[in-house]
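Colleague: Sharing protein03.csv here; it has CSV, C-alpha atoms and all ligand atoms.
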chain,number,residue,atom,x,y,z
A,1,MET,CA,0.0,0.0,0.0
A,2,LYS,CA,1.2,3.5,-0.9
A,3,LYS,CA,2.1,5.8,2.0
A,4,ILE,CA,-0.9,7.4,3.7
A,5,MET,CA,0.1,11.0,4.2
A,6,SER,CA,-1.2,13.1,7.1
A,7,ASN,CA,-3.2,15.1,4.5
A,8,ARG,CA,-4.0,14.9,0.8
A,9,MET,CA,-5.4,18.2,-0.4
A,10,ASP,CA,-5.3,17.0,-4.1
A,11,ARG,CA,-8.0,14.5,-3.3
A,12,GLY,CA,-10.3,17.3,-2.2
A,13,PHE,CA,-9.7,19.0,-5.6
A,14,TYR,CA,-10.4,15.9,-7.6
A,15,GLN,CA,-13.8,15.4,-5.8
A,16,TYR,CA,-15.2,18.4,-7.6
A,17,GLU,CA,-12.6,18.8,-10.3
A,18,LYS,CA,-14.8,20.0,-13.1
A,19,GLU,CA,-16.7,22.5,-10.9
A,20,PHE,CA,-13.4,24.0,-9.7
A,21,GLU,CA,-12.0,24.2,-13.2
A,22,ASN,CA,-15.1,25.8,-14.6
A,23,LYS,CA,-15.1,28.4,-11.8
A,24,ALA,CA,-11.4,29.2,-12.2
A,25,LEU,CA,-11.8,29.7,-15.9
A,26,GLU,CA,-14.9,31.9,-15.4
A,27,VAL,CA,-12.9,34.1,-13.0
A,28,LEU,CA,-9.9,34.3,-15.4
A,29,HIS,CA,-12.1,35.2,-18.3
A,30,SER,CA,-14.0,37.9,-16.3
A,31,GLY,CA,-11.1,40.4,-16.3
A,32,TRP,CA,-11.9,41.3,-12.6
A,33,TYR,CA,-9.7,39.8,-9.9
A,34,ILE,CA,-10.1,41.8,-6.7
A,35,LEU,CA,-13.3,42.8,-4.8
A,36,GLY,CA,-15.9,41.9,-7.4
A,37,LYS,CA,-19.0,39.8,-7.7
A,38,GLU,CA,-17.5,36.5,-6.5
A,39,VAL,CA,-16.4,38.1,-3.2
A,40,GLU,CA,-19.8,39.7,-2.8
A,41,ALA,CA,-21.6,36.5,-3.5
A,42,PHE,CA,-19.4,34.4,-1.2
A,43,GLU,CA,-19.9,36.9,1.6
A,44,LYS,CA,-23.7,36.6,1.2
A,45,GLU,CA,-23.6,32.8,1.0
A,46,PHE,CA,-21.2,32.3,3.8
A,47,SER,CA,-23.0,34.6,6.3
A,48,SER,CA,-26.3,32.9,5.4
A,49,TYR,CA,-24.7,29.5,6.1
A,50,ILE,CA,-23.4,30.6,9.5
A,51,GLY,CA,-26.5,32.5,10.3
A,52,THR,CA,-25.2,36.1,10.6
A,53,ASN,CA,-26.2,39.2,8.7
A,54,GLY,CA,-22.7,40.3,7.9
A,55,CYS,CA,-19.5,38.9,6.4
A,56,VAL,CA,-16.2,40.5,5.4
A,57,GLY,CA,-13.8,38.4,3.3
A,58,VAL,CA,-10.1,39.0,4.2
A,59,ALA,CA,-6.8,37.6,3.1
A,60,CYS,CA,-6.3,34.9,5.8
A,61,GLY,CA,-7.4,33.7,9.2
A,62,LEU,CA,-4.8,35.7,11.1
A,63,ASP,CA,-5.9,38.9,9.5
A,64,ALA,CA,-9.5,38.1,10.4
A,65,LEU,CA,-8.4,37.7,14.0
A,66,TRP,CA,-6.3,40.8,14.4
A,67,ILE,CA,-8.6,43.0,12.4
A,68,ALA,CA,-11.5,41.8,14.5
A,69,PHE,CA,-9.8,42.9,17.7
A,70,ARG,CA,-8.9,46.2,16.1
A,71,LEU,CA,-12.5,46.9,15.0
A,72,LEU,CA,-13.6,46.2,18.6
A,73,GLY,CA,-11.2,48.8,19.9
A,74,ILE,CA,-9.1,46.3,21.9
A,75,GLY,CA,-5.4,47.3,22.2
A,76,SER,CA,-2.6,48.3,24.5
A,77,GLY,CA,-3.5,48.0,28.2
A,78,ASP,CA,-6.4,45.6,27.6
A,79,GLU,CA,-6.4,41.9,28.5
A,80,VAL,CA,-8.0,39.2,26.5
A,81,ILE,CA,-8.7,35.7,27.8
A,82,VAL,CA,-7.3,33.1,25.4
A,83,PRO,CA,-6.9,29.3,25.6
A,84,SER,CA,-3.4,28.0,26.5
A,85,ASN,CA,-4.0,25.1,24.1
A,86,THR,CA,-4.3,26.6,20.6
A,87,TYR,CA,-2.5,27.4,17.5
A,88,VAL,CA,-0.2,30.5,17.9
A,89,ALA,CA,-2.1,32.5,15.4
A,90,SER,CA,-5.1,32.8,17.8
A,91,VAL,CA,-2.8,34.6,20.3
A,92,MET,CA,-1.1,36.8,17.6
A,93,GLY,CA,-4.5,38.2,16.7
A,94,VAL,CA,-4.5,39.7,20.2
A,95,THR,CA,-0.9,40.7,20.6
A,96,ILE,CA,-0.5,42.4,17.2
A,97,ASN,CA,-2.9,45.0,18.6
A,98,GLY,CA,-0.7,45.4,21.7
A,99,ALA,CA,-3.2,43.7,24.0
A,100,THR,CA,-2.1,41.2,26.6
A,101,PRO,CA,-3.2,37.5,26.3
A,102,VAL,CA,-4.3,35.9,29.6
A,103,PHE,CA,-4.1,32.1,29.2
A,104,VAL,CA,-6.7,29.6,30.5
A,105,GLU,CA,-6.0,25.9,30.5
A,106,PRO,CA,-8.0,23.4,28.4
A,107,ASP,CA,-10.5,20.8,29.5
A,108,GLU,CA,-10.5,17.2,28.5
A,109,TYR,CA,-12.0,18.1,25.1
A,110,TYR,CA,-8.9,20.3,24.4
A,111,ASN,CA,-11.0,23.5,24.4
A,112,ILE,CA,-10.8,26.4,26.9
A,113,ASP,CA,-12.0,25.2,30.3
A,114,ALA,CA,-15.1,27.4,30.8
A,115,ASP,CA,-14.9,26.8,34.6
A,116,LYS,CA,-11.5,28.4,34.8
A,117,ILE,CA,-12.3,31.7,33.0
A,118,GLU,CA,-13.9,33.6,35.7
A,119,GLU,CA,-10.9,33.6,38.1
A,120,LYS,CA,-8.8,35.2,35.3
A,121,ILE,CA,-11.1,38.2,34.8
A,122,THR,CA,-9.7,41.6,36.0
A,123,GLU,CA,-10.8,45.2,35.5
A,124,ARG,CA,-8.6,45.2,32.4
A,125,THR,CA,-10.3,42.2,30.8
A,126,LYS,CA,-12.0,43.4,27.6
A,127,ALA,CA,-12.7,40.2,25.7
A,128,VAL,CA,-12.7,36.4,25.6
A,129,LEU,CA,-11.3,34.6,22.6
A,130,VAL,CA,-12.8,31.2,22.1
A,131,VAL,CA,-11.1,28.7,19.8
A,132,HIS,CA,-13.2,25.7,18.6
A,133,LEU,CA,-10.2,23.5,18.4
A,134,TYR,CA,-10.0,20.4,16.1
A,135,GLY,CA,-13.6,21.1,14.9
A,136,GLN,CA,-15.4,20.7,18.2
A,137,ALA,CA,-17.4,23.6,19.6
A,138,ALA,CA,-16.3,25.0,22.9
A,139,ASP,CA,-18.7,25.0,25.9
A,140,MET,CA,-20.7,28.1,24.6
A,141,GLY,CA,-23.5,27.9,27.2
A,142,LYS,CA,-21.2,28.7,30.1
A,143,ILE,CA,-19.0,31.1,28.1
A,144,THR,CA,-21.8,33.3,26.7
A,145,LYS,CA,-23.2,33.6,30.3
A,146,LEU,CA,-19.9,34.8,31.6
A,147,VAL,CA,-19.3,37.4,28.8
A,148,HIS,CA,-22.8,38.8,29.5
A,149,LYS,CA,-22.2,38.8,33.2
A,150,TYR,CA,-19.0,40.8,32.9
A,151,ASN,CA,-20.0,42.8,29.8
A,152,LEU,CA,-17.0,41.4,27.7
A,153,LYS,CA,-16.6,41.1,24.0
A,154,LEU,CA,-16.6,37.6,22.6
A,155,VAL,CA,-14.5,36.7,19.6
A,156,GLU,CA,-14.5,33.2,18.1
A,157,ASP,CA,-11.6,31.6,16.3
A,158,CYS,CA,-13.5,29.3,13.9
A,159,ALA,CA,-10.5,28.4,11.7
A,160,GLN,CA,-11.1,24.8,12.5
A,161,SER,CA,-14.9,24.7,13.0
A,162,HIS,CA,-16.7,25.5,9.7
A,163,GLY,CA,-20.1,24.1,10.2
A,164,ALA,CA,-19.7,23.0,13.9
A,165,ALA,CA,-22.7,24.0,15.9
A,166,TRP,CA,-23.3,24.3,19.7
A,167,ASN,CA,-26.9,23.3,20.7
A,168,GLY,CA,-27.9,23.9,17.1
A,169,GLN,CA,-26.3,27.3,16.7
A,170,MET,CA,-23.3,27.7,14.3
A,171,THR,CA,-19.9,28.5,15.7
A,172,GLY,CA,-19.0,32.0,14.6
A,173,SER,CA,-22.5,33.4,15.4
A,174,PHE,CA,-22.2,33.6,19.2
A,175,GLY,CA,-19.9,36.6,19.7
A,176,SER,CA,-19.2,40.1,18.3
A,177,ILE,CA,-17.1,38.6,15.5
A,178,GLY,CA,-16.4,35.1,14.2
A,179,CYS,CA,-13.1,34.6,12.5
A,180,PHE,CA,-12.5,32.0,9.8
A,181,SER,CA,-9.5,30.8,7.9
A,182,PHE,CA,-9.9,29.1,4.5
A,183,TYR,CA,-6.3,27.8,4.4
A,184,PRO,CA,-6.3,24.9,2.0
A,185,SER,CA,-6.3,22.2,4.7
A,186,LYS,CA,-9.2,23.6,6.7
A,187,ASN,CA,-12.7,22.0,6.4
A,188,LEU,CA,-13.7,24.8,4.0
A,189,GLY,CA,-10.4,25.3,2.2
A,190,ALA,CA,-9.4,27.6,-0.6
A,191,PHE,CA,-6.5,27.0,-3.1
A,192,GLY,CA,-4.3,29.6,-1.4
A,193,ASP,CA,-4.7,31.9,1.5
A,194,ALA,CA,-8.2,33.3,2.4
A,195,GLY,CA,-10.2,34.2,5.5
A,196,ALA,CA,-13.4,36.0,6.7
A,197,MET,CA,-15.0,37.7,9.6
A,198,VAL,CA,-18.7,37.2,10.3
A,199,MET,CA,-20.9,39.4,12.5
A,200,ASN,CA,-24.5,40.3,13.3
A,201,ASP,CA,-23.9,44.0,13.0
A,202,GLN,CA,-24.1,45.6,9.6
A,203,ALA,CA,-22.3,48.8,10.6
A,204,LEU,CA,-19.4,46.7,11.9
A,205,ALA,CA,-19.3,44.8,8.7
A,206,GLU,CA,-19.2,48.1,6.8
A,207,GLU,CA,-16.2,49.2,9.0
A,208,GLY,CA,-14.5,45.8,8.2
A,209,LYS,CA,-14.9,46.3,4.5
A,210,ILE,CA,-13.4,49.7,4.8
A,211,PHE,CA,-10.5,48.5,7.0
A,212,ARG,CA,-9.5,45.6,4.7
A,213,ASN,CA,-9.1,48.0,1.8
A,214,TYR,CA,-6.6,50.6,3.1
A,215,GLY,CA,-9.3,52.1,5.3
A,216,SER,CA,-10.9,53.5,2.2
A,217,ASP,CA,-14.6,54.1,2.0
A,218,ARG,CA,-14.5,55.3,-1.6
A,219,ARG,CA,-11.6,55.2,-4.0
A,220,TYR,CA,-8.6,57.4,-2.8
A,221,TYR,CA,-10.5,58.7,0.3
A,222,ASN,CA,-9.0,57.1,3.4
A,223,LYS,CA,-11.0,57.2,6.6
A,224,VAL,CA,-8.7,55.2,8.8
A,225,VAL,CA,-5.2,53.6,8.5
A,226,GLY,CA,-6.3,50.2,7.4
A,227,ALA,CA,-4.7,47.1,5.8
A,228,ASN,CA,-4.5,45.5,2.5
A,229,SER,CA,-6.3,42.3,3.4
A,230,ARG,CA,-8.7,41.5,0.6
A,231,LEU,CA,-10.2,38.1,-0.3
A,232,ASP,CA,-9.5,37.8,-4.0
A,233,GLU,CA,-12.0,36.8,-6.7
A,234,MET,CA,-10.3,33.5,-7.6
A,235,GLN,CA,-10.4,32.2,-4.0
A,236,ALA,CA,-13.9,33.5,-3.4
A,237,GLY,CA,-15.2,31.8,-6.5
A,238,LEU,CA,-13.5,28.5,-5.6
A,239,LEU,CA,-14.8,28.8,-2.0
A,240,ARG,CA,-18.3,29.2,-3.3
A,241,VAL,CA,-18.0,25.9,-5.2
A,242,ARG,CA,-16.8,24.1,-2.0
A,243,LEU,CA,-19.3,25.8,0.2
A,244,GLN,CA,-22.1,24.2,-1.8
A,245,HIS,CA,-20.8,20.8,-0.7
A,246,ILE,CA,-19.8,21.7,2.9
A,247,ASN,CA,-22.5,19.5,4.5
A,248,GLU,CA,-21.6,16.4,2.6
A,249,LEU,CA,-17.9,17.2,3.2
A,250,ASN,CA,-18.4,17.5,6.9
A,251,LYS,CA,-20.4,14.2,6.9
A,252,GLU,CA,-17.5,12.5,5.1
A,253,LYS,CA,-15.1,13.5,7.9
A,254,GLU,CA,-17.6,12.4,10.5
A,255,GLN,CA,-17.7,9.0,8.8
A,256,ILE,CA,-14.0,8.6,9.0
A,257,ALA,CA,-14.0,9.8,12.6
A,258,ARG,CA,-16.7,7.2,13.5
A,259,CYS,CA,-14.6,4.4,11.9
A,260,TYR,CA,-11.6,5.5,14.1
A,261,LEU,CA,-13.7,5.8,17.2
A,262,GLU,CA,-15.2,2.3,16.7
A,263,GLY,CA,-12.2,0.6,15.3
A,264,ILE,CA,-9.2,1.8,17.4
A,265,THR,CA,-9.2,-0.4,20.5
A,266,ASN,CA,-5.5,-0.2,21.6
A,267,GLU,CA,-5.4,0.8,25.3
A,268,LYS,CA,-2.2,2.8,24.8
A,269,ILE,CA,-4.2,5.3,22.7
A,270,ILE,CA,-6.6,7.9,24.2
A,271,LEU,CA,-9.4,8.7,21.7
A,272,PRO,CA,-11.0,12.1,21.5
A,273,GLY,CA,-14.2,12.7,23.5
A,274,ILE,CA,-17.3,14.5,22.3
A,275,ARG,CA,-19.0,16.8,24.8
A,276,LYS,CA,-22.8,16.8,25.0
A,277,ASP,CA,-24.4,19.6,22.9
A,278,CYS,CA,-21.0,20.3,21.2
A,279,GLY,CA,-21.1,19.7,17.5
A,280,HIS,CA,-17.8,18.3,16.0
A,281,VAL,CA,-16.8,18.6,12.4
A,282,TRP,CA,-13.5,16.7,12.8
A,283,HIS,CA,-11.0,19.2,11.3
A,284,GLN,CA,-8.4,17.0,13.0
A,285,PHE,CA,-8.7,13.6,14.6
A,286,VAL,CA,-6.4,13.9,17.6
A,287,VAL,CA,-5.5,11.0,19.8
A,288,ARG,CA,-3.1,11.0,22.8
A,289,CYS,CA,-0.3,8.6,23.5
A,290,SER,CA,2.2,8.8,26.4
A,291,GLU,CA,4.9,7.6,23.9
A,292,GLN,CA,4.2,10.2,21.3
A,293,GLU,CA,7.6,10.0,19.5
A,294,ARG,CA,7.7,6.2,19.4
A,295,PHE,CA,4.1,6.0,18.3
A,296,MET,CA,4.6,8.5,15.4
A,297,LYS,CA,7.8,6.7,14.3
A,298,TYR,CA,6.0,3.3,14.4
A,299,LEU,CA,3.2,4.7,12.2
A,300,ASP,CA,5.7,6.3,9.8
A,301,ASP,CA,7.5,2.9,9.5
A,302,HIS,CA,4.1,1.4,8.6
A,303,GLY,CA,3.5,4.0,5.9
A,304,ILE,CA,1.2,6.4,7.9
A,305,GLY,CA,2.0,10.1,8.2
A,306,THR,CA,1.0,12.0,11.3
A,307,LEU,CA,1.4,15.5,12.7
A,308,ILE,CA,1.4,17.2,16.2
A,309,HIS,CA,-1.1,19.9,16.7
A,310,TYR,CA,0.8,21.6,18.4
A,311,PRO,CA,4.2,20.7,19.7
A,312,ILE,CA,4.9,24.0,21.5
A,313,PRO,CA,2.1,25.9,23.3
A,314,PRO,CA,2.0,29.7,22.6
A,315,HIS,CA,3.2,30.7,26.1
A,316,LEU,CA,6.5,28.7,25.5
A,317,GLN,CA,7.1,30.1,22.0
A,318,LYS,CA,10.2,32.3,21.6
A,319,ALA,CA,7.9,35.0,20.1
A,320,TYR,CA,6.2,35.2,23.5
A,321,SER,CA,9.2,35.1,25.7
A,322,TYR,CA,8.5,38.8,26.6
A,323,LEU,CA,5.4,37.6,28.5
A,324,GLY,CA,7.7,35.9,30.9
A,325,TYR,CA,6.2,32.5,31.1
A,326,HIS,CA,8.1,29.3,31.8
A,327,GLU,CA,7.7,25.6,31.5
A,328,GLY,CA,5.2,24.4,34.1
A,329,ASP,CA,3.0,27.5,34.0
A,330,PHE,CA,0.3,25.8,32.0
A,331,PRO,CA,0.8,22.1,32.7
A,332,ILE,CA,-2.3,20.7,31.0
A,333,ALA,CA,-1.5,22.4,27.7
A,334,GLU,CA,2.1,21.4,28.0
A,335,GLN,CA,1.1,17.8,28.7
A,336,TYR,CA,-1.2,17.7,25.7
A,337,ALA,CA,1.7,19.0,23.5
A,338,LYS,CA,3.8,16.1,24.6
A,339,GLU,CA,1.1,13.5,23.9
A,340,VAL,CA,-1.2,14.5,21.0
A,341,VAL,CA,-0.9,12.9,17.6
A,342,SER,CA,-3.2,13.8,14.6
A,343,LEU,CA,-4.2,10.9,12.5
A,344,PRO,CA,-4.8,11.2,8.7
A,345,ILE,CA,-8.3,12.5,8.1
A,346,TYR,CA,-9.0,14.1,4.7
A,347,TYR,CA,-11.6,14.4,2.0
A,348,GLY,CA,-11.3,11.5,-0.4
A,349,MET,CA,-9.7,9.1,2.1
A,350,THR,CA,-10.5,5.5,1.0
A,351,GLU,CA,-12.0,2.8,3.2
A,352,GLU,CA,-8.8,0.8,2.6
A,353,GLU,CA,-6.7,3.6,3.9
A,354,ILE,CA,-8.9,4.0,7.0
A,355,ALA,CA,-8.8,0.3,7.7
A,356,HIS,CA,-5.0,0.2,7.4
A,357,VAL,CA,-4.6,3.0,9.9
A,358,ILE,CA,-6.9,1.2,12.4
A,359,ASN,CA,-5.2,-2.1,12.0
A,360,VAL,CA,-1.7,-0.7,12.3
A,361,ILE,CA,-2.6,1.3,15.4
A,362,ASN,CA,-4.3,-1.7,17.1
A,363,VAL,CA,-1.0,-3.8,17.0
A,364,PHE,CA,1.2,-0.9,18.4
B,401,LIG,C1,-5.3,28.0,10.6
B,401,LIG,C2,-5.6,28.7,11.9
B,401,LIG,C3,-5.4,30.1,12.0
B,401,LIG,C4,-4.7,31.0,11.0
B,401,LIG,O1,-5.3,30.9,9.7
B,401,LIG,P1,-4.4,31.4,8.5
B,401,LIG,O2,-5.4,31.5,7.4
B,401,LIG,O3,-3.3,30.4,8.3
B,401,LIG,O4,-3.9,32.8,8.8
B,401,LIG,C5,-5.8,30.7,13.2
B,401,LIG,N1,-6.3,29.9,14.2
B,401,LIG,C6,-6.4,28.6,14.2
B,401,LIG,C7,-7.0,27.9,15.3
B,401,LIG,C8,-6.0,27.9,13.0
B,401,LIG,O5,-6.2,26.6,12.9
Write out the structure in this file as structure tokens.
Ligand SMILES: *Cc1c(COP(=O)(O)O)cnc(C)c1O

Modeller:
Amino acid sequence: MKKIMSNRMDRGFYQYEKEFENKALEVLHSGWYILGKEVEAFEKEFSSYIGTNGCVGVACGLDALWIAFRLLGIGSGDEVIVPSNTYVASVMGVTINGATPVFVEPDEYYNIDADKIEEKITERTKAVLVVHLYGQAADMGKITKLVHKYNLKLVEDCAQSHGAAWNGQMTGSFGSIGCFSFYPSKNLGAFGDAGAMVMNDQALAEEGKIFRNYGSDRRYYNKVVGANSRLDEMQAGLLRVRLQHINELNKEKEQIARCYLEGITNEKIILPGIRKDCGHVWHQFVVRCSEQERFMKYLDDHGIGTLIHYPIPPHLQKAYSYLGYHEGDFPIAEQYAKEVVSLPIYYGMTEEEIAHVINVINVF
């Protein structure tokens, strides 16, 4: 059997090859490549999918995050509650604005532990950043109650949770702004960099559209010092194609996850849990093993590629040495980093490949 790589983005292209090709040619022939009808249509279709009345396409997920905090007026002197167990970009969205991240440890579902947020709130706290990690919604019932109680802004990092709902409501629609990445490997992936912010406030959406385009509300008139962070027509068009299939795509990943959950019986491997009411779209299928390195090497020797999401928690990254944290400050996130292994889970994965992964793991 050929090596099973940790991801196969080409398979996701071939699933809808003709549709992607037709759209790409349509955009090329249109003669209009930045901020046109594809972006406008995608923003409408995506906000209607998430259930918000506003959407602003931007250049990537990190831009969605930092521009979101900028639009909400959060900056120097402000504190933002963030999960200690996340991809570093979540935290950069806060620190690019000069605000201070205040880390909260994860629960057994890898998401921010809602019961540990309140003790971290001070008079400087302005917002909570929730990350719906690996595709599973965080505990939004408790978190929305807390942000109301303390009158805080809520920002959601939905880079891994396209289509995941909590209690029937889509992630991205709970807070002031929901931030999405459409990096090619995400559940809704483009063929290059792309991102979006969604919100239920049309005035805020308007400000976002001005900010992403040099702060310009009409050509050559600049209202604020903005960014060049536009979603381009090609990515928007290709995203529209994939968005039409998002429900079947999320089902496909759920099917793979179910096979793993039922098939993997090795006691050395801790399988992911699913919290009640928390929808899961399985961006990653993350298991834990106390022998992370040996397990990954073993899988590699048997033709199975894996990744670690993520090997170094943000508070221990060199980039954040200025925050003054040390090993041992967030022991749960640090423990997860030493144990997590992401198994292959991608669109177009064959039954044979899934079975091979399960069989190999069960004899480890
Ligand atoms: C991918 C990702 C981002 C960043 O998205 P980009 O489009 O790569 O900038 C942010 N947060 C999380 C949780 C991610 O997985």

Colleague: Residues near A:Pro272, anyone? I mean within 12 Å using all atoms listed in the file, not counting same-chain ones fewer than 4 positions away, as a list in words.

Modeller: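 Using all atoms listed in the file, the neighbours found are Asp107, Glu108, Tyr109, Tyr110, Asn111, Leu133, Tyr134, Gly135, Gln136, Ala257, Arg258, Tyr260, Leu261, Glu262, Ile264, His280, Trp282, Gln284, Phe285, Val286, Val287, Arg288, Cys289, Val340, Val341, Ser342 and Leu343 of chain A.
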
Colleague: To check your reading of the model: which residues sit at most 7 Å from ligand LIG 401 (chain B) when counting all atoms listed in the file? Write the answer as a list in words.

Modeller: Cys60, Gly61, Leu62, Asp63, Thr86, Tyr87, Ala89, Ser90, Val131, Leu133, Asp157, Cys158, Ala159, Gln160, Ser181, Phe182, Tyr183, Asp193, Ala194 and Gly195 of chain A

Colleague: How close does stretch 108-218 of chain A get to stretch 16-37 of chain A? List, as a Markdown table, each residue of stretch 108-218 of chain A within 12 Å, its nearest atom pair and the distance in Å to one decimal, counting only C-alpha atoms.

Modeller:
| residue | atom | partner | partner_atom | distance |
| --- | --- | --- | --- | --- |
| A:Ala190 | CA | A:Phe20 | CA | 10.6 |
| A:Phe191 | CA | A:Phe20 | CA | 10.0 |
| A:Lys209 | CA | A:Leu35 | CA | 10.1 |
| A:Ile210 | CA | A:Leu35 | CA | 11.8 |
| A:Arg212 | CA | A:Leu35 | CA | 10.6 |
| A:Asn213 | CA | A:Leu35 | CA | 9.4 |

Colleague: Output C-alpha atoms for every residue in the selection just made, as an mmCIF file, in the frame of the given file.

Modeller:
data_model
loop_
_atom_site.group_PDB
_atom_site.id
_atom_site.type_symbol
_atom_site.label_atom_id
_atom_site.label_comp_id
_atom_site.auth_asym_id
_atom_site.auth_seq_id
_atom_site.Cartn_x
_atom_site.Cartn_y
_atom_site.Cartn_z
ATOM 1 C CA ALA A 190 -9.400 27.600 -0.600
ATOM 2 C CA PHE A 191 -6.500 27.000 -3.100
ATOM 3 C CA LYS A 209 -14.900 46.300 4.500
ATOM 4 C CA ILE A 210 -13.400 49.700 4.800
ATOM 5 C CA ARG A 212 -9.500 45.600 4.700
ATOM 6 C CA ASN A 213 -9.100 48.000 1.800
#

Colleague: Between A:Ile312, A:Val91, A:Val128, A:Leu188, which one has atoms that come closest to A:Ser161, using all atoms listed in the file?

Modeller: A:Leu188

Colleague: List the spatial neighbours of stretch 240-247 of chain A as a list of chain:residue names - criterion: any atom at most 9 Å away, all atoms listed in the file, same-chain residues fewer than 3 positions off excluded.

Modeller: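 Once the adjacent positions are removed, what remains is A:Tyr16, A:Glu19, A:Phe20, A:Lys23, A:Glu38, A:Ala41, A:Phe42, A:Glu45, A:Phe46, A:Tyr49, A:His162, A:Gly163, A:Asn187, A:Leu188, A:Gly189, A:Ala190, A:Gln235, A:Ala236, A:Gly237, A:Asn250, A:Lys251, A:Glu252.
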
Colleague: Choose the residue, out of A:Gln255, A:Ser47, A:Thr265, A:Asn53, that has the smallest atom-to-atom separation from A:Thr350; count all atoms listed in the file.

Modeller: A:Gln255

Colleague: Could you give me stretch 305-310 of chain A completed to all heavy atoms, formatted as a short mmCIF file (atom, residue, chain, number, x, y, z; two decimals), in the coordinates of the input?

Modeller:
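Now in rebuild31.cif:
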data_model
loop_
_atom_site.label_atom_id
_atom_site.label_comp_id
_atom_site.auth_asym_id
_atom_site.auth_seq_id
_atom_site.Cartn_x
_atom_site.Cartn_y
_atom_site.Cartn_z
N GLY A 305 1.51 8.78 7.79
CA GLY A 305 2.00 10.10 8.20
C GLY A 305 1.13 10.70 9.28
O GLY A 305 -0.09 10.54 9.24
N THR A 306 1.73 11.35 10.25
CA THR A 306 1.00 12.00 11.30
C THR A 306 1.59 13.40 11.56
O THR A 306 2.69 13.69 11.11
CB THR A 306 1.00 11.23 12.62
OG1 THR A 306 2.36 10.98 12.96
CG2 THR A 306 0.23 9.92 12.50
N LEU A 307 0.88 14.23 12.31
CA LEU A 307 1.40 15.50 12.70
C LEU A 307 1.07 15.77 14.18
O LEU A 307 0.24 15.06 14.76
CB LEU A 307 0.74 16.66 11.88
CG LEU A 307 1.14 16.76 10.40
CD1 LEU A 307 0.23 17.74 9.68
CD2 LEU A 307 2.60 17.19 10.26
N ILE A 308 1.73 16.77 14.77
CA ILE A 308 1.40 17.20 16.20
C ILE A 308 0.77 18.54 16.12
O ILE A 308 1.38 19.50 15.65
CB ILE A 308 2.70 17.24 17.02
CG1 ILE A 308 3.42 15.89 17.03
CG2 ILE A 308 2.35 17.68 18.44
CD1 ILE A 308 4.77 15.94 17.75
N HIS A 309 -0.45 18.64 16.59
CA HIS A 309 -1.10 19.90 16.70
C HIS A 309 -1.40 20.27 18.15
O HIS A 309 -2.40 19.88 18.68
CB HIS A 309 -2.46 19.92 15.93
CG HIS A 309 -2.33 19.74 14.46
ND1 HIS A 309 -2.55 18.54 13.83
CD2 HIS A 309 -1.96 20.62 13.49
CE1 HIS A 309 -2.36 18.69 12.52
NE2 HIS A 309 -2.00 19.93 12.30
N TYR A 310 -0.45 20.93 18.87
CA TYR A 310 0.80 21.60 18.40
C TYR A 310 1.90 21.26 19.31
O TYR A 310 1.66 21.11 20.50
CB TYR A 310 0.52 23.09 18.28
CG TYR A 310 -0.61 23.38 17.29
CD1 TYR A 310 -1.92 23.44 17.74
CD2 TYR A 310 -0.34 23.53 15.93
CE1 TYR A 310 -2.95 23.65 16.83
CE2 TYR A 310 -1.37 23.76 15.03
CZ TYR A 310 -2.67 23.80 15.48
OH TYR A 310 -3.70 23.99 14.59
#
